[in-house]
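**Student:** This is the content of start_1.cif (mmCIF, C-alpha atoms and all ligand atoms):
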data_upload
#
loop_
_atom_site.group_PDB
_atom_site.id
_atom_site.type_symbol
_atom_site.label_atom_id
_atom_site.label_comp_id
_atom_site.auth_asym_id
_atom_site.auth_seq_id
_atom_site.Cartn_x
_atom_site.Cartn_y
_atom_site.Cartn_z
ATOM 1 C CA MET M 1 0.000 0.000 0.000
ATOM 2 C CA LYS M 2 1.275 3.417 -0.979
ATOM 3 C CA LYS M 3 0.548 6.902 0.302
ATOM 4 C CA ILE M 4 2.013 10.274 -0.549
ATOM 5 C CA ILE M 5 2.049 12.771 2.322
ATOM 6 C CA ASN M 6 3.340 16.280 1.875
ATOM 7 C CA HIS M 7 5.842 17.357 4.513
ATOM 8 C CA PRO M 8 6.155 21.152 4.823
ATOM 9 C CA GLY M 9 9.982 21.040 4.769
ATOM 10 C CA LEU M 10 10.740 17.897 2.792
ATOM 11 C CA GLY M 11 8.091 18.073 0.079
ATOM 12 C CA ASN M 12 6.186 15.019 -1.051
ATOM 13 C CA VAL M 13 7.199 11.885 0.845
ATOM 14 C CA ILE M 14 6.199 8.515 -0.591
ATOM 15 C CA TYR M 15 5.279 5.923 2.069
ATOM 16 C CA THR M 16 5.053 2.264 1.090
ATOM 17 C CA LYS M 17 3.907 -0.556 3.375
ATOM 18 C CA ARG M 18 5.873 -3.714 2.710
ATOM 19 C CA LYS M 19 5.428 -7.228 4.047
ATOM 20 C CA SER M 20 9.210 -7.598 4.063
ATOM 21 C CA SER M 21 9.801 -4.431 6.154
ATOM 22 C CA ARG M 22 10.727 -4.930 9.792
ATOM 23 C CA THR M 23 11.413 -1.288 10.619
ATOM 24 C CA ILE M 24 10.731 2.155 9.159
ATOM 25 C CA ARG M 25 13.381 2.939 6.551
ATOM 26 C CA VAL M 26 14.024 6.206 4.753
ATOM 27 C CA ARG M 27 15.891 6.526 1.500
ATOM 28 C CA ILE M 28 16.499 9.302 -0.963
ATOM 29 C CA VAL M 29 15.908 8.108 -4.516
ATOM 30 C CA SER M 30 17.803 9.096 -7.632
ATOM 31 C CA ASP M 31 16.203 12.480 -8.255
ATOM 32 C CA GLY M 32 16.139 13.522 -4.605
ATOM 33 C CA ASP M 33 12.653 12.365 -3.544
ATOM 34 C CA VAL M 34 12.147 10.862 -0.095
ATOM 35 C CA GLN M 35 10.806 7.318 0.020
ATOM 36 C CA VAL M 36 9.835 5.579 3.230
ATOM 37 C CA SER M 37 9.131 1.871 3.619
ATOM 38 C CA LEU M 38 7.302 0.642 6.690
ATOM 39 C CA PRO M 39 5.992 -2.644 8.087
ATOM 40 C CA CYS M 40 2.282 -3.312 7.403
ATOM 41 C CA ARG M 41 1.406 -3.108 11.118
ATOM 42 C CA VAL M 42 2.771 0.472 11.407
ATOM 43 C CA SER M 43 0.318 3.262 10.528
ATOM 44 C CA PHE M 44 1.178 5.980 8.002
ATOM 45 C CA ALA M 45 0.750 8.566 10.768
ATOM 46 C CA VAL M 46 3.407 6.885 12.926
ATOM 47 C CA ALA M 47 5.775 6.743 9.948
ATOM 48 C CA ALA M 48 5.110 10.425 9.177
ATOM 49 C CA ALA M 49 5.910 11.313 12.787
ATOM 50 C CA PHE M 50 9.144 9.298 12.504
ATOM 51 C CA VAL M 51 10.077 11.289 9.382
ATOM 52 C CA ASP M 52 9.326 14.554 11.169
ATOM 53 C CA ARG M 53 11.528 13.592 14.166
ATOM 54 C CA ASN M 54 14.396 12.724 11.803
ATOM 55 C CA ARG M 55 13.904 15.722 9.561
ATOM 56 C CA LYS M 56 17.390 17.175 10.048
ATOM 57 C CA ARG M 57 19.137 13.922 9.138
ATOM 58 C CA ILE M 58 16.900 13.444 6.098
ATOM 59 C CA GLU M 59 17.671 16.988 4.921
ATOM 60 C CA ASP M 60 21.398 16.234 5.208
ATOM 61 C CA LEU M 61 20.914 13.102 3.093
ATOM 62 C CA MET M 62 18.957 15.117 0.529
ATOM 63 C CA ASP M 63 21.785 17.659 0.322
ATOM 64 C CA VAL M 64 24.325 14.909 -0.337
ATOM 65 C CA ARG M 65 22.057 13.471 -3.005
ATOM 66 C CA LYS M 66 21.466 16.878 -4.606
ATOM 67 C CA LYS M 67 25.204 17.506 -4.924
ATOM 68 C CA LYS M 68 25.626 14.085 -6.466
ATOM 69 C CA ILE M 69 22.933 14.600 -9.101
ATOM 70 C CA ALA M 70 23.709 18.242 -9.942
ATOM 71 C CA GLY M 71 23.722 18.641 -13.715
ATOM 72 C CA LYS M 72 22.585 15.055 -14.314
ATOM 73 C CA THR M 73 19.824 14.063 -16.713
ATOM 74 C CA PHE M 74 17.612 11.218 -15.564
ATOM 75 C CA LEU M 75 16.040 9.018 -18.188
ATOM 76 C CA PRO M 76 12.714 8.149 -16.554
ATOM 77 C CA GLY M 77 11.608 4.533 -16.166
ATOM 78 C CA LEU M 78 9.532 3.158 -19.044
ATOM 79 C CA SER M 79 6.301 1.190 -19.064
ATOM 80 C CA GLU M 80 6.313 -2.431 -20.244
ATOM 81 C CA ALA M 81 4.864 -1.370 -23.618
ATOM 82 C CA GLU M 82 7.456 1.390 -24.041
ATOM 83 C CA LEU M 83 10.253 -1.054 -23.180
ATOM 84 C CA GLN M 84 8.952 -3.484 -25.790
ATOM 85 C CA ASP M 85 8.966 -0.725 -28.399
ATOM 86 C CA LEU M 86 12.457 0.339 -27.421
ATOM 87 C CA ARG M 87 13.718 -3.246 -27.608
ATOM 88 C CA LYS M 88 12.208 -3.652 -31.077
ATOM 89 C CA ASN M 89 13.754 -0.426 -32.365
ATOM 90 C CA ALA M 90 17.096 -1.167 -30.737
ATOM 91 C CA GLY M 91 17.148 -4.587 -32.420
ATOM 92 C CA LYS M 92 16.914 -2.835 -35.783
ATOM 93 C CA ILE M 93 18.990 0.274 -35.217
ATOM 94 C CA LEU M 94 21.956 -0.783 -33.047
ATOM 95 C CA PRO M 95 23.283 -3.692 -35.159
ATOM 96 C CA ALA M 96 23.031 -1.572 -38.316
ATOM 97 C CA ARG M 97 24.726 1.382 -36.633
ATOM 98 C CA ALA M 98 27.532 -0.776 -35.209
ATOM 99 C CA SER M 99 28.368 -2.284 -38.579
ATOM 100 C CA SER M 100 28.267 1.029 -40.428
ATOM 101 C CA LEU M 101 30.432 2.682 -37.738
ATOM 102 C CA ALA M 102 32.922 -0.219 -37.907
ATOM 103 C CA ALA M 103 33.216 0.316 -41.672
ATOM 104 C CA ALA M 104 33.452 4.112 -41.302
ATOM 105 C CA LEU M 105 36.185 3.862 -38.661
ATOM 106 C CA LEU M 106 38.290 1.608 -40.839
ATOM 107 C CA ARG M 107 37.877 4.056 -43.722
ATOM 108 C CA LYS M 108 38.873 6.906 -41.454
ATOM 109 C CA ILE M 109 42.009 5.117 -40.278
ATOM 110 C CA ARG M 110 43.045 4.475 -43.889
ATOM 111 C CA GLU M 111 42.116 7.853 -45.380
ATOM 112 C CA GLU M 112 43.652 9.955 -42.656
ATOM 113 C CA ASP M 113 46.676 7.670 -42.345
ATOM 114 C CA LEU M 114 45.779 7.349 -38.694
ATOM 115 C CA TYR M 115 47.523 4.012 -38.481
ATOM 116 C CA LYS M 116 50.811 5.924 -38.700
ATOM 117 C CA LEU M 117 49.960 8.039 -35.675
ATOM 118 C CA LEU M 118 48.340 5.455 -33.444
ATOM 119 C CA PRO M 119 50.205 3.476 -30.826
ATOM 120 C CA LEU M 120 49.480 0.241 -32.684
ATOM 121 C CA SER M 121 51.979 -2.547 -33.253
ATOM 122 C CA ASP M 122 53.774 -2.536 -36.634
ATOM 123 C CA ARG M 123 52.206 -5.867 -37.462
ATOM 124 C CA PHE M 124 48.797 -4.403 -36.796
ATOM 125 C CA LYS M 125 49.460 -1.359 -39.000
ATOM 126 C CA VAL M 126 50.528 -3.569 -41.881
ATOM 127 C CA ARG M 127 47.404 -5.677 -41.466
ATOM 128 C CA ILE M 128 45.172 -2.604 -41.549
ATOM 129 C CA LYS M 129 46.905 -1.393 -44.710
ATOM 130 C CA GLU M 130 46.327 -4.786 -46.261
ATOM 131 C CA GLY M 131 42.618 -4.485 -45.653
ATOM 132 C CA TYR M 132 42.181 -6.391 -42.401
ATOM 133 C CA THR M 133 39.423 -4.845 -40.309
ATOM 134 C CA PRO M 134 40.297 -4.499 -36.655
ATOM 135 C CA PHE M 135 36.655 -3.807 -35.873
ATOM 136 C CA ALA M 136 35.233 -7.238 -36.699
ATOM 137 C CA TYR M 137 33.090 -8.551 -33.885
ATOM 138 C CA GLY M 138 31.292 -11.811 -33.245
ATOM 139 C CA ARG M 139 27.835 -11.793 -31.728
ATOM 140 C CA LEU M 140 26.068 -8.499 -30.974
ATOM 141 C CA ALA M 141 23.518 -8.718 -28.160
ATOM 142 C CA ILE M 142 21.041 -6.032 -27.129
ATOM 143 C CA LYS M 143 20.692 -5.702 -23.351
ATOM 144 C CA ASN M 144 18.616 -3.604 -21.022
ATOM 145 C CA ASN M 145 20.522 -2.680 -17.906
ATOM 146 C CA LYS M 146 21.312 0.277 -15.690
ATOM 147 C CA SER M 147 24.955 -0.378 -14.960
ATOM 148 C CA ASN M 148 26.564 0.085 -18.377
ATOM 149 C CA TRP M 149 25.899 1.334 -21.888
ATOM 150 C CA GLY M 150 27.845 -1.407 -23.544
ATOM 151 C CA SER M 151 30.584 -3.985 -23.153
ATOM 152 C CA CYS M 152 32.964 -6.105 -25.216
ATOM 153 C CA SER M 153 33.888 -9.652 -24.218
ATOM 154 C CA SER M 154 37.319 -11.261 -24.541
ATOM 155 C CA LEU M 155 35.833 -13.297 -27.415
ATOM 156 C CA ASN M 156 34.990 -10.035 -29.242
ATOM 157 C CA ASN M 157 31.256 -10.272 -28.699
ATOM 158 C CA LEU M 158 29.543 -6.928 -28.153
ATOM 159 C CA ASN M 159 26.705 -6.030 -25.805
ATOM 160 C CA LEU M 160 24.854 -2.781 -26.371
ATOM 161 C CA ASN M 161 22.231 -1.303 -24.075
ATOM 162 C CA MET M 162 18.906 -0.640 -25.803
ATOM 163 C CA GLN M 163 18.650 2.549 -23.723
ATOM 164 C CA LEU M 164 21.337 4.008 -26.018
ATOM 165 C CA LEU M 165 18.467 4.994 -28.302
ATOM 166 C CA ARG M 166 17.412 7.527 -25.688
ATOM 167 C CA LEU M 167 20.721 9.399 -25.805
ATOM 168 C CA PRO M 168 21.667 12.190 -28.212
ATOM 169 C CA ALA M 169 22.735 10.468 -31.454
ATOM 170 C CA ASP M 170 26.397 11.440 -31.171
ATOM 171 C CA LEU M 171 26.617 9.904 -27.668
ATOM 172 C CA MET M 172 25.015 6.687 -28.890
ATOM 173 C CA ASP M 173 27.725 6.565 -31.573
ATOM 174 C CA PHE M 174 30.384 7.398 -28.986
ATOM 175 C CA VAL M 175 29.434 4.369 -26.870
ATOM 176 C CA ILE M 176 29.465 2.105 -29.933
ATOM 177 C CA ILE M 177 32.866 3.479 -31.017
ATOM 178 C CA HIS M 178 34.147 2.923 -27.459
ATOM 179 C CA GLU M 179 33.126 -0.741 -27.640
ATOM 180 C CA LEU M 180 34.561 -1.110 -31.158
ATOM 181 C CA CYS M 181 37.905 0.200 -29.853
ATOM 182 C CA HIS M 182 37.856 -2.621 -27.287
ATOM 183 C CA LEU M 183 38.134 -5.013 -30.233
ATOM 184 C CA VAL M 184 41.626 -3.565 -30.665
ATOM 185 C CA TYR M 185 42.452 -2.989 -26.992
ATOM 186 C CA HIS M 186 40.686 -5.092 -24.370
ATOM 187 C CA ASN M 187 41.502 -2.564 -21.658
ATOM 188 C CA HIS M 188 41.348 1.159 -20.893
ATOM 189 C CA GLY M 189 45.085 1.763 -21.316
ATOM 190 C CA PRO M 190 46.766 4.706 -23.112
ATOM 191 C CA GLY M 191 46.568 2.918 -26.477
ATOM 192 C CA PHE M 192 42.835 2.470 -26.127
ATOM 193 C CA HIS M 193 42.255 6.143 -25.311
ATOM 194 C CA ALA M 194 44.559 7.339 -28.104
ATOM 195 C CA LEU M 195 42.601 5.267 -30.614
ATOM 196 C CA LEU M 196 39.194 6.317 -29.279
ATOM 197 C CA ASP M 197 40.160 9.995 -29.168
ATOM 198 C CA ALA M 198 41.531 9.895 -32.732
ATOM 199 C CA LEU M 199 38.362 8.217 -33.996
ATOM 200 C CA CYS M 200 36.252 10.869 -32.211
ATOM 201 C CA ASP M 201 38.265 13.740 -33.731
ATOM 202 C CA GLY M 202 39.756 14.660 -30.376
ATOM 203 C CA MET M 203 36.365 14.874 -28.656
ATOM 204 C CA GLU M 204 36.664 11.865 -26.344
ATOM 205 C CA LYS M 205 36.824 13.901 -23.125
ATOM 206 C CA GLU M 206 33.946 16.161 -24.100
ATOM 207 C CA LYS M 207 31.720 13.248 -25.085
ATOM 208 C CA ALA M 208 32.635 11.131 -22.060
ATOM 209 C CA GLY M 209 31.793 14.098 -19.829
ATOM 210 C CA ARG M 210 28.380 14.558 -21.412
ATOM 211 C CA LEU M 211 27.652 10.823 -21.353
ATOM 212 C CA LYS M 212 28.345 10.653 -17.620
ATOM 213 C CA ARG M 213 25.476 13.039 -16.971
ATOM 214 C CA PHE M 214 22.864 10.602 -18.258
ATOM 215 C CA ILE M 215 21.480 8.250 -15.618
ATOM 216 C CA ILE M 216 18.942 5.504 -16.313
ATOM 217 C CA ARG M 217 16.291 5.233 -13.636
HETATM 218 ZN ZN ZN V 301 35.382 0.341 -21.974
#
Would you kindly transcribe this structure into C-alpha cells?
Ligand SMILES: [Zn+2]
**Tutor:**
Amino acid sequence: MKKIINHPGLGNVIYTKRKSSRTIRVRIVSDGDVQVSLPCRVSFAVAAAFVDRNRKRIEDLMDVRKKKIAGKTFLPGLSEAELQDLRKNAGKILPARASSLAAALLRKIREEDLYKLLPLSDRFKVRIKEGYTPFAYGRLAIKNNKSNWGSCSSLNNLNLNMQLLRLPADLMDFVIIHELCHLVYHNHGPGFHALLDALCDGMEKEKAGRLKRFIIR
C-alpha cells in the first residue's frame, strides 16, 4: 500500500507498506525524492511522525544526493509497452549502426593515415593497410541494464544497451565506437584512449563528460 504525504519542509514523501519491512526505513531516490518503507502493522501517521523527528538527518541526506545529481539528466523509467517498443527499435537500429560505424572507422584510419599516428603494433598497421578490419566482432547482443551502456567480451562479442536509443545520437555513436575500440584494446590503457580519441576527432573527453550526466532510472 502506498501513500504520498506532503511534509512542509521535505516536500512530497512517498510511504510504502511492505510485508518484508521490519522497521521504518528512509531513503532518498535518484532524483532527490524521499521514500519511506514501513511494516504493514505500522500506521502511516506513525511513519510520518518518525520522518518529522528525523527531519534534520533526512535533509542532510537530501543535500548529499542533490550535490551528487547536480547537472545530471535522468532518463525516466519506461512502461512495459514502451520497453517493448524500445527493444524492437534497438534490435533494428543498433546492429546496423555498429556495422556502419565499424566500416566508417576503418575508412577513417586508412584515409587519414591514422595508423601511422596510433600506438598500434607494426604488425597491426601492416594488417590494416592490407585491408584487415580491426573492428570485426562476433555476436552483438542487445541488453537492457542500468549499470553500463555497452561492453565487449574477450571473445569479441559486443553487448549494447537498448537505452542508447534515448541518448543524443552522437553519444550513442560514442558508446558504440568505445566498444569497437575494445576489439583492438581489451583494456582502458593509453593505447585504447589514443585510438578512441583519434576516432572521435579529439572529442573523447567532451563526449565522455556529457555521457556521464545521463542516468537511467
Ligand atoms: Zn570500456
**Student:** Which distance in Å separates atom CA of Asp173 of chain M and atom CA of Gly138 of chain M, to one decimal?
**Tutor:** 18.8 Å
**Student:** So that I can see what lies close to Lys19 of chain M, please list as a ChimeraX atom specification the residues with an atom at most 12 Å from it, counting all atoms listed in the file and leaving out residues fewer than 4 positions away in the same chain.
**Tutor:** /M:1,23-24,37-42
**Student:** So that I can see what lies close to Ala141 of chain M, please list as a PyMOL selection string the residues with an atom at most 12 Å from it, counting all atoms listed in the file and leaving out residues fewer than 4 positions away in the same chain.
**Tutor:** chain M and resi 87+90-92+94-95+98+137+150-153+156-162
**Student:** When distances are computed from all atoms listed in the file, which of M:His186, M:Arg18, M:Asp197, M:Lys3 shows the smallest separation from ligand ZN 301 (chain V)?
**Tutor:**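 Among M:His186, M:Arg18, M:Asp197, M:Lys3, it is M:His186 that comes nearest to ligand ZN 301 (chain V).
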**Student:** If the PyMOL selection byres (((not hetatm)) within 10 of (chain V and resi 301)) were run on this exact file, what residues would it hold? Put them as a CSV table (one decimal) with C-alpha atoms, keeping the file's coordinate frame.
**Tutor:**
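out.csv, freshly written:
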chain,number,residue,atom,x,y,z
M,148,ASN,CA,26.6,0.1,-18.4
M,149,TRP,CA,25.9,1.3,-21.9
M,150,GLY,CA,27.8,-1.4,-23.5
M,151,SER,CA,30.6,-4.0,-23.2
M,152,CYS,CA,33.0,-6.1,-25.2
M,175,VAL,CA,29.4,4.4,-26.9
M,177,ILE,CA,32.9,3.5,-31.0
M,178,HIS,CA,34.1,2.9,-27.5
M,179,GLU,CA,33.1,-0.7,-27.6
M,180,LEU,CA,34.6,-1.1,-31.2
M,181,CYS,CA,37.9,0.2,-29.9
M,182,HIS,CA,37.9,-2.6,-27.3
M,185,TYR,CA,42.5,-3.0,-27.0
M,186,HIS,CA,40.7,-5.1,-24.4
M,187,ASN,CA,41.5,-2.6,-21.7
M,188,HIS,CA,41.3,1.2,-20.9
M,189,GLY,CA,45.1,1.8,-21.3
M,192,PHE,CA,42.8,2.5,-26.1
M,193,HIS,CA,42.3,6.1,-25.3
**Student:** Mind telling me what the PyMOL selection byres (((chain M and resi 210-213) around 6) and not hetatm) catches here, as a list in words?
**Tutor:**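 Output from the PyMOL selection byres (((chain M and resi 210-213) around 6) and not hetatm), applied to this file: Lys72, Thr73, Lys207, Ala208, Gly209 and Phe214 of chain M.
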**Student:** Emit the selected residues as a PDB file, in the frame of the given file, including C-alpha atoms.
**Tutor:**
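Output (result.pdb):
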ATOM      1  CA  LYS M  72      22.585  15.055 -14.314  1.00  0.00           C
ATOM      2  CA  THR M  73      19.824  14.063 -16.713  1.00  0.00           C
ATOM      3  CA  LYS M 207      31.720  13.248 -25.085  1.00  0.00           C
ATOM      4  CA  ALA M 208      32.635  11.131 -22.060  1.00  0.00           C
ATOM      5  CA  GLY M 209      31.793  14.098 -19.829  1.00  0.00           C
ATOM      6  CA  PHE M 214      22.864  10.602 -18.258  1.00  0.00           C
TER       7      PHE M 214
END
**Student:** Output file request: segment 86-98 of chain M, with N, CA, C and O atoms, as a tab-separated table (two decimals), in the first residue's frame.
**Tutor:**
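Once written, part.tsv looks like this:
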chain	number	residue	atom	x	y	z
M	86	LEU	N	11.05	-0.03	-27.42
M	86	LEU	CA	12.46	0.34	-27.42
M	86	LEU	C	13.31	-0.87	-27.83
M	86	LEU	O	14.23	-0.75	-28.64
M	87	ARG	N	12.96	-2.04	-27.29
M	87	ARG	CA	13.72	-3.25	-27.61
M	87	ARG	C	13.63	-3.55	-29.11
M	87	ARG	O	14.62	-3.89	-29.75
M	88	LYS	N	12.42	-3.37	-29.65
M	88	LYS	CA	12.21	-3.65	-31.08
M	88	LYS	C	13.05	-2.70	-31.94
M	88	LYS	O	13.75	-3.13	-32.85
M	89	ASN	N	12.98	-1.41	-31.60
M	89	ASN	CA	13.75	-0.43	-32.37
M	89	ASN	C	15.25	-0.66	-32.22
M	89	ASN	O	15.99	-0.55	-33.19
M	90	ALA	N	15.67	-0.96	-30.99
M	90	ALA	CA	17.10	-1.17	-30.74
M	90	ALA	C	17.60	-2.35	-31.55
M	90	ALA	O	18.71	-2.33	-32.08
M	91	GLY	N	16.77	-3.39	-31.66
M	91	GLY	CA	17.15	-4.59	-32.42
M	91	GLY	C	17.39	-4.28	-33.89
M	91	GLY	O	18.13	-4.97	-34.58
M	92	LYS	N	16.72	-3.22	-34.38
M	92	LYS	CA	16.91	-2.84	-35.78
M	92	LYS	C	18.08	-1.86	-35.91
M	92	LYS	O	18.93	-1.98	-36.78
M	93	ILE	N	18.07	-0.85	-35.03
M	93	ILE	CA	18.99	0.27	-35.22
M	93	ILE	C	20.43	-0.04	-34.78
M	93	ILE	O	21.38	0.25	-35.50
M	94	LEU	N	20.60	-0.64	-33.59
M	94	LEU	CA	21.96	-0.78	-33.05
M	94	LEU	C	22.87	-1.69	-33.90
M	94	LEU	O	24.01	-1.30	-34.16
M	95	PRO	N	22.38	-2.86	-34.34
M	95	PRO	CA	23.28	-3.69	-35.16
M	95	PRO	C	23.69	-2.99	-36.46
M	95	PRO	O	24.84	-3.04	-36.87
M	96	ALA	N	22.73	-2.27	-37.07
M	96	ALA	CA	23.03	-1.57	-38.32
M	96	ALA	C	24.04	-0.45	-38.06
M	96	ALA	O	25.00	-0.26	-38.83
M	97	ARG	N	23.83	0.26	-36.96
M	97	ARG	CA	24.73	1.38	-36.63
M	97	ARG	C	26.13	0.87	-36.31
M	97	ARG	O	27.12	1.47	-36.72
M	98	ALA	N	26.21	-0.22	-35.58
M	98	ALA	CA	27.53	-0.78	-35.21
M	98	ALA	C	28.29	-1.19	-36.47
M	98	ALA	O	29.48	-0.88	-36.59
